[in-house]
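Trainee: Provided below: data.csv, containing CSV, C-alpha atoms.
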chain,number,residue,atom,x,y,z
A,229,MET,CA,14.9,11.7,10.0
A,230,GLU,CA,13.4,9.3,7.5
A,231,VAL,CA,12.3,5.9,8.9
A,232,VAL,CA,11.7,3.4,6.1
A,233,TYR,CA,11.0,0.3,8.3
A,234,GLU,CA,10.3,-0.3,12.0
A,235,ASP,CA,9.0,-3.1,14.3
A,236,ASN,CA,9.6,-4.1,17.9
A,237,HIS,CA,13.2,-5.3,17.2
A,238,ILE,CA,14.7,-3.3,14.4
A,239,ILE,CA,14.5,0.1,12.8
A,240,ILE,CA,15.9,1.1,9.3
A,241,VAL,CA,16.7,4.7,8.6
A,242,ASN,CA,17.5,6.5,5.4
A,243,LYS,CA,20.7,8.4,6.3
A,244,ALA,CA,21.4,11.8,4.8
A,245,PRO,CA,24.9,12.5,3.5
A,246,GLY,CA,27.0,14.3,6.1
A,247,GLU,CA,25.5,12.5,9.1
A,248,ILE,CA,27.6,10.2,11.2
A,249,VAL,CA,26.1,6.9,12.3
A,250,GLN,CA,28.0,6.7,15.6
A,251,GLY,CA,29.8,9.2,17.7
A,252,ASP,CA,33.4,10.1,16.8
A,253,LYS,CA,36.2,12.6,17.6
A,254,THR,CA,34.3,15.4,15.8
A,255,GLY,CA,31.8,15.5,18.7
A,256,ASP,CA,28.9,16.0,16.2
A,257,LYS,CA,25.6,14.5,17.2
A,258,PRO,CA,25.4,11.0,15.6
A,259,LEU,CA,22.4,9.4,13.9
A,260,SER,CA,22.2,6.8,16.6
A,261,GLU,CA,21.4,9.5,19.2
A,262,ILE,CA,18.8,11.1,16.9
A,263,VAL,CA,17.1,7.7,16.5
A,264,LYS,CA,17.1,7.2,20.2
A,265,GLU,CA,15.4,10.5,20.8
A,266,TRP,CA,12.9,9.8,18.1
A,267,ILE,CA,11.9,6.4,19.7
A,268,LYS,CA,11.8,8.0,23.2
A,269,GLU,CA,9.4,10.7,22.0
A,270,LYS,CA,7.3,8.5,19.8
A,271,TYR,CA,6.6,5.9,22.4
A,272,ALA,CA,6.9,8.2,25.5
A,273,LYS,CA,9.6,5.9,26.9
A,274,PRO,CA,10.9,6.6,30.4
A,275,GLY,CA,14.6,6.3,31.1
A,276,ASN,CA,17.2,5.3,28.6
A,277,VAL,CA,16.4,3.8,25.2
A,278,PHE,CA,18.3,0.8,24.0
A,279,LEU,CA,19.6,1.1,20.4
A,280,GLY,CA,22.4,-1.1,19.0
A,281,VAL,CA,24.5,0.0,16.0
A,282,VAL,CA,24.6,-2.9,13.6
A,283,HIS,CA,26.8,-1.4,10.9
A,284,ARG,CA,27.9,2.0,9.6
A,285,LEU,CA,28.0,4.1,6.5
A,286,ASP,CA,30.8,6.6,5.7
A,287,ARG,CA,29.9,10.1,6.6
A,288,PRO,CA,29.5,11.4,3.0
A,289,VAL,CA,27.4,8.4,1.9
A,290,ALA,CA,23.6,8.4,2.0
A,291,GLY,CA,21.2,5.5,2.4
A,292,LEU,CA,19.9,2.7,4.6
A,293,VAL,CA,21.2,2.0,8.1
A,294,ILE,CA,19.9,-0.8,10.3
A,295,PHE,CA,19.7,-0.3,14.0
A,296,ALA,CA,18.6,-2.9,16.6
A,297,LYS,CA,16.0,-2.0,19.2
A,298,THR,CA,16.6,-5.1,21.4
A,299,SER,CA,19.7,-6.9,22.6
A,300,LYS,CA,18.4,-10.1,21.0
A,301,ALA,CA,18.1,-8.4,17.6
A,302,LEU,CA,21.6,-6.8,18.0
A,303,ALA,CA,23.3,-10.1,18.7
A,304,ARG,CA,21.6,-11.9,15.8
A,305,MET,CA,22.1,-9.1,13.3
A,306,ASN,CA,25.8,-8.9,14.2
A,307,GLU,CA,26.1,-12.6,13.5
A,308,MET,CA,24.2,-12.3,10.2
A,309,PHE,CA,26.5,-9.5,9.0
A,310,ARG,CA,29.5,-11.7,10.0
A,311,ASN,CA,28.1,-14.6,8.0
A,312,GLY,CA,27.2,-12.5,4.9
A,313,GLU,CA,23.5,-13.0,5.4
A,314,VAL,CA,22.6,-9.3,4.9
A,315,HIS,CA,22.5,-8.4,1.3
A,316,LYS,CA,23.2,-4.7,0.5
A,317,THR,CA,22.9,-3.0,-2.9
A,318,TYR,CA,24.4,0.4,-3.5
A,319,ARG,CA,24.2,2.9,-6.3
A,320,ALA,CA,27.0,5.2,-7.4
A,321,ILE,CA,27.4,8.0,-9.9
A,322,THR,CA,30.7,8.2,-11.7
A,323,ARG,CA,32.1,10.5,-14.4
A,324,ASN,CA,33.9,7.7,-16.2
A,325,ARG,CA,32.2,4.7,-17.8
A,326,PRO,CA,33.4,1.4,-16.4
A,327,PRO,CA,35.4,-0.9,-18.7
A,328,GLU,CA,32.7,-3.5,-18.8
A,329,ASP,CA,28.9,-3.0,-18.5
A,330,SER,CA,28.9,-5.6,-15.7
A,331,ASP,CA,31.7,-7.5,-13.9
A,332,GLU,CA,32.8,-9.0,-10.6
A,333,LEU,CA,35.8,-7.2,-9.0
A,334,LEU,CA,38.4,-8.9,-6.8
A,335,HIS,CA,41.0,-6.9,-5.0
A,336,TYR,CA,43.0,-7.1,-1.8
A,337,ILE,CA,42.5,-4.1,0.4
A,338,THR,CA,44.9,-2.6,2.9
A,339,THR,CA,44.0,0.4,5.1
A,340,VAL,CA,46.2,3.1,6.6
A,341,GLU,CA,44.4,4.2,9.8
A,342,LYS,CA,46.5,7.4,10.2
A,343,THR,CA,45.2,8.8,6.9
A,344,ASN,CA,41.8,6.9,7.0
A,345,LYS,CA,42.4,5.6,3.5
A,346,SER,CA,42.3,2.2,1.8
A,347,TYR,CA,44.2,0.8,-1.1
A,348,ALA,CA,43.3,-1.8,-3.6
A,349,HIS,CA,45.9,-4.3,-4.7
A,350,ALA,CA,45.6,-6.8,-7.6
A,351,GLU,CA,47.5,-9.6,-5.7
A,352,PRO,CA,47.4,-10.7,-2.0
A,353,CYS,CA,49.9,-8.8,0.2
A,354,ARG,CA,50.7,-8.3,3.8
A,355,ASN,CA,47.7,-7.2,6.0
A,356,ALA,CA,45.4,-7.2,3.0
A,357,LYS,CA,41.8,-8.4,3.1
A,358,GLU,CA,40.0,-9.9,0.1
A,359,ALA,CA,37.3,-7.6,-1.3
A,360,ARG,CA,34.7,-8.7,-3.8
A,361,LEU,CA,31.8,-6.9,-5.4
A,362,ARG,CA,29.6,-7.1,-8.4
A,363,TYR,CA,28.6,-4.1,-10.5
A,364,ARG,CA,26.5,-3.3,-13.5
A,365,LEU,CA,26.0,-0.1,-15.5
A,366,ILE,CA,22.3,0.8,-15.3
A,367,SER,CA,22.1,4.3,-16.8
A,368,GLN,CA,24.0,7.1,-18.5
A,369,SER,CA,23.7,10.7,-19.3
A,370,ASP,CA,26.0,12.9,-21.4
A,371,ARG,CA,28.5,13.2,-18.6
A,372,TYR,CA,27.7,10.7,-15.9
A,373,ASN,CA,27.1,7.0,-15.3
A,374,LEU,CA,24.8,5.3,-12.7
A,375,ILE,CA,26.3,2.1,-11.4
A,376,GLU,CA,24.6,-0.5,-9.2
A,377,VAL,CA,26.9,-2.4,-6.8
A,378,GLU,CA,26.3,-5.6,-4.8
A,379,LEU,CA,28.7,-6.0,-2.0
A,380,LEU,CA,30.0,-9.5,-1.5
A,381,THR,CA,32.4,-8.6,1.4
A,382,GLY,CA,32.4,-5.6,3.7
A,383,ARG,CA,35.8,-3.7,3.8
A,384,LYS,CA,36.6,-0.2,4.8
A,385,HIS,CA,35.7,2.2,1.9
A,386,GLN,CA,35.4,-0.9,-0.3
A,387,ILE,CA,33.1,0.4,-3.1
A,388,ARG,CA,35.0,3.7,-3.2
A,389,VAL,CA,38.4,2.2,-3.6
A,390,GLN,CA,37.4,-0.7,-5.9
A,391,LEU,CA,35.6,1.6,-8.4
A,392,ALA,CA,38.5,4.0,-8.3
A,393,ALA,CA,40.8,1.0,-9.1
A,394,ILE,CA,39.0,0.4,-12.4
A,395,GLY,CA,39.2,4.1,-13.3
A,396,CYS,CA,35.7,5.1,-12.0
A,397,PRO,CA,36.1,7.2,-8.9
A,398,ILE,CA,32.7,8.2,-7.4
A,399,ARG,CA,31.6,11.7,-8.2
A,400,GLY,CA,32.7,14.1,-5.4
A,401,ASP,CA,35.1,11.6,-3.9
A,402,LEU,CA,38.3,13.6,-3.8
A,403,LYS,CA,40.0,11.0,-1.5
A,404,TYR,CA,39.8,8.4,-4.2
A,405,GLY,CA,40.5,10.4,-7.3
A,406,ASP,CA,37.6,12.4,-8.4
A,407,LYS,CA,38.4,15.9,-9.8
A,408,ARG,CA,35.8,18.0,-8.0
A,409,SER,CA,33.9,17.9,-4.7
A,410,ASN,CA,30.1,18.0,-4.5
A,411,PRO,CA,28.8,21.3,-3.3
A,412,ASP,CA,27.5,19.8,0.0
A,413,GLY,CA,30.6,17.7,0.7
A,414,SER,CA,28.8,14.4,-0.1
A,415,ILE,CA,29.9,11.8,-2.5
A,416,SER,CA,27.5,10.3,-5.0
A,417,LEU,CA,27.1,6.9,-3.3
A,418,MET,CA,24.0,5.6,-1.6
A,419,ALA,CA,23.1,2.3,0.2
A,420,GLN,CA,19.9,1.8,-1.8
A,421,ARG,CA,18.5,-1.6,-0.9
A,422,VAL,CA,18.9,-4.1,2.0
A,423,ARG,CA,17.6,-7.6,2.1
A,424,PHE,CA,17.7,-10.1,5.0
A,425,THR,CA,15.7,-12.5,7.1
A,426,HIS,CA,14.3,-10.8,10.2
A,427,PRO,CA,16.5,-11.9,13.2
A,428,VAL,CA,13.5,-12.6,15.4
A,429,SER,CA,10.3,-13.2,13.3
A,430,GLY,CA,12.0,-14.9,10.4
A,431,LYS,CA,10.1,-13.0,7.8
A,432,GLU,CA,11.9,-11.6,4.7
A,433,ILE,CA,12.8,-7.9,4.9
A,434,ASP,CA,13.4,-6.1,1.6
A,435,VAL,CA,13.7,-2.3,1.8
A,436,THR,CA,14.6,0.3,-0.8
A,437,ALA,CA,15.5,3.9,-0.1
A,438,PRO,CA,14.6,6.8,-2.4
A,439,ALA,CA,17.4,8.7,-4.0
A,440,PRO,CA,19.0,11.7,-2.0
A,441,LYS,CA,16.8,14.8,-2.3
A,442,ASN,CA,19.8,17.1,-2.3
A,443,GLU,CA,21.1,16.1,-5.8
A,444,PRO,CA,18.8,16.3,-8.9
A,445,LEU,CA,21.3,14.3,-10.9
A,446,TRP,CA,20.1,11.1,-9.2
A,447,LYS,CA,16.6,11.7,-10.6
A,448,ILE,CA,17.9,12.4,-14.0
A,449,LEU,CA,19.9,9.2,-14.2
A,450,GLU,CA,17.0,7.1,-12.7
A,451,ALA,CA,14.7,8.5,-15.4
A,452,ASN,CA,17.3,7.5,-18.0
A,453,GLU,CA,17.3,4.0,-16.5
A,454,GLU,CA,13.5,3.7,-16.9
A,455,GLY,CA,13.8,4.8,-20.5
A,456,ARG,CA,16.5,2.3,-21.2
A,457,SER,CA,14.7,-0.7,-19.6
Would you give me this structure, written as structure tokens?
Mentor:
Amino acid sequence: MEVVYEDNHIIIVNKAPGEIVQGDKTGDKPLSEIVKEWIKEKYAKPGNVFLGVVHRLDRPVAGLVIFAKTSKALARMNEMFRNGEVHKTYRAITRNRPPEDSDELLHYITTVEKTNKSYAHAEPCRNAKEARLRYRLISQSDRYNLIEVELLTGRKHQIRVQLAAIGCPIRGDLKYGDKRSNPDGSISLMAQRVRFTHPVSGKEIDVTAPAPKNEPLWKILEANEEGRS
């Protein structure tokens, strides 16, 4: 487990692709339980450890996950997410180049729970929620593109479905139109950076995660970004 930030009220962990944040019907051990055990062992805490799940990442996605270590932090972080006060930046690898080097996307997303799949619509429709994000192309190789995404709303599978809607499904994401899976079952999407005002101390928190170690392509594209800047 990789802890990238911790204090008395919050802990931020760099999730590996394939891990689940919270328990589900698979019965697999969730990241929340792993973090609890880590805290219990590190601080030799007796009894149960409090840990609040503030938000989640899809199982095949890597990157930063915030947990609350106190009930005060959990309540305030939940409110901050509702109010859009937590700013998250993602990076995605796609095979196709986006139609513009940068743009703001607006779609209306519906979700079919039975199939756990979301759909992006160009116009408002029944049961749809507005979804907005900004993206920019930051690096390229002969076959792949590295795209940075700033989420402006938080909808189920939002980045995956909105990039697919402009012809840029994320590498390895068979559910949303990519041609081939990644060898480890991940998709090439990571929550790279998170910025917010600390819910208790009021100081500014700005944390960036390193690229997933399981896929050398991230490093190649990041090197191309440095050469381009």
Trainee: Residues near segment 247-258 of chain A, anyone? I mean within 9 Å using only C-alpha atoms, not counting same-chain ones fewer than 3 positions away, as number ranges by chain.
Mentor: A: 243-244, 261-263, 281, 283-290, 293
Trainee: As an exercise, work out the distance from atom CA of Gln368 of chain A to atom CA of Asp329 of chain A in Å and give it to one decimal place.
Mentor: 11.2 Å
Trainee: With all atoms listed in the file as the atoms that count, which of A:Arg354, A:Lys264, A:Lys441, A:Lys300 lies nearest to Ser429 of chain A?
Mentor: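 When distances to Ser429 of chain A are compared using all atoms listed in the file, the smallest one comes from A:Lys300.
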Trainee: When you count only C-alpha atoms, which of these residues is closest to Pro327 of chain A: A:Ile415, A:Leu391, A:Leu279, A:Ile448?
Mentor: A:Leu391
Trainee: Would you please work out which residue, of A:Arg325, A:Arg423, A:Arg388, A:His335, is nearest to Ile366 of chain A when using only C-alpha atoms?
Mentor: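 Checking each candidate against Ile366 of chain A, we get A:Arg325 as the closest.
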Trainee: What residues have an atom no more than 12 Å from (16.2, 3.9, -2.4) in the file's own frame, counting all atoms listed in the file, and can you write them as a PyMOL selection string?
Mentor: chain A and resi 230+232+241-244+290-293+316-320+376+417-422+434-441+446-447+450
Trainee: With all atoms listed in the file as the basis for distance, which of A:Thr343, A:Arg310, A:Gly382, A:His426 is at the shortest distance from Lys403 of chain A?
Mentor: A:Thr343
Trainee: Return the padded bounding box of segment 252-260 of chain A as JSON: axis-aligned, built from all atoms listed in the file, 5 Å added on each side, with centre and edge lengths in Å to one decimal.
Mentor:
{"center_x": 29.2, "center_y": 11.4, "center_z": 16.3, "size_x": 24.0, "size_y": 19.2, "size_z": 14.8}
Trainee: Pick out the closest residue to Asp235 of chain A from this set: A:Gly413, A:Pro427, A:Pro352, A:Pro444. Count only C-alpha atoms.
Mentor: A:Pro427
Trainee: Go through A:Phe295, A:Pro274, A:Gly400, A:Val282 and flag the residue nearest Glu307 of chain A, using only C-alpha atoms for the distances.
Mentor: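 Nearest candidate to Glu307 of chain A out of A:Phe295, A:Pro274, A:Gly400, A:Val282: A:Val282.
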Trainee: Atom CA of Met229 of chain A and atom CA of Val428 of chain A are how many Å apart?
Mentor: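 Distance reported for this atom pair: 24.9 Å.
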Trainee: Pick out the residues sitting within 7 Å of Leu302 of chain A, and hand them over as a PDB file with C-alpha atoms, keeping the file's coordinate frame; count all atoms listed in the file, and ignore anything fewer than 4 positions along from it in its own chain.
Mentor:
ATOM      1  CA  GLY A 280      22.400  -1.100  19.000  1.00  0.00           C
ATOM      2  CA  VAL A 282      24.600  -2.900  13.600  1.00  0.00           C
ATOM      3  CA  ALA A 296      18.600  -2.900  16.600  1.00  0.00           C
ATOM      4  CA  THR A 298      16.600  -5.100  21.400  1.00  0.00           C
ATOM      5  CA  ASN A 306      25.800  -8.900  14.200  1.00  0.00           C
TER       6      ASN A 306
END
Trainee: Please, what distance in Å, to one decimal, runs between atom CA of Leu361 of chain A and atom CA of Glu453 of chain A?
Mentor: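 Straight-line distance from atom CA of Leu361 of chain A to atom CA of Glu453 of chain A works out to 21.3 Å.
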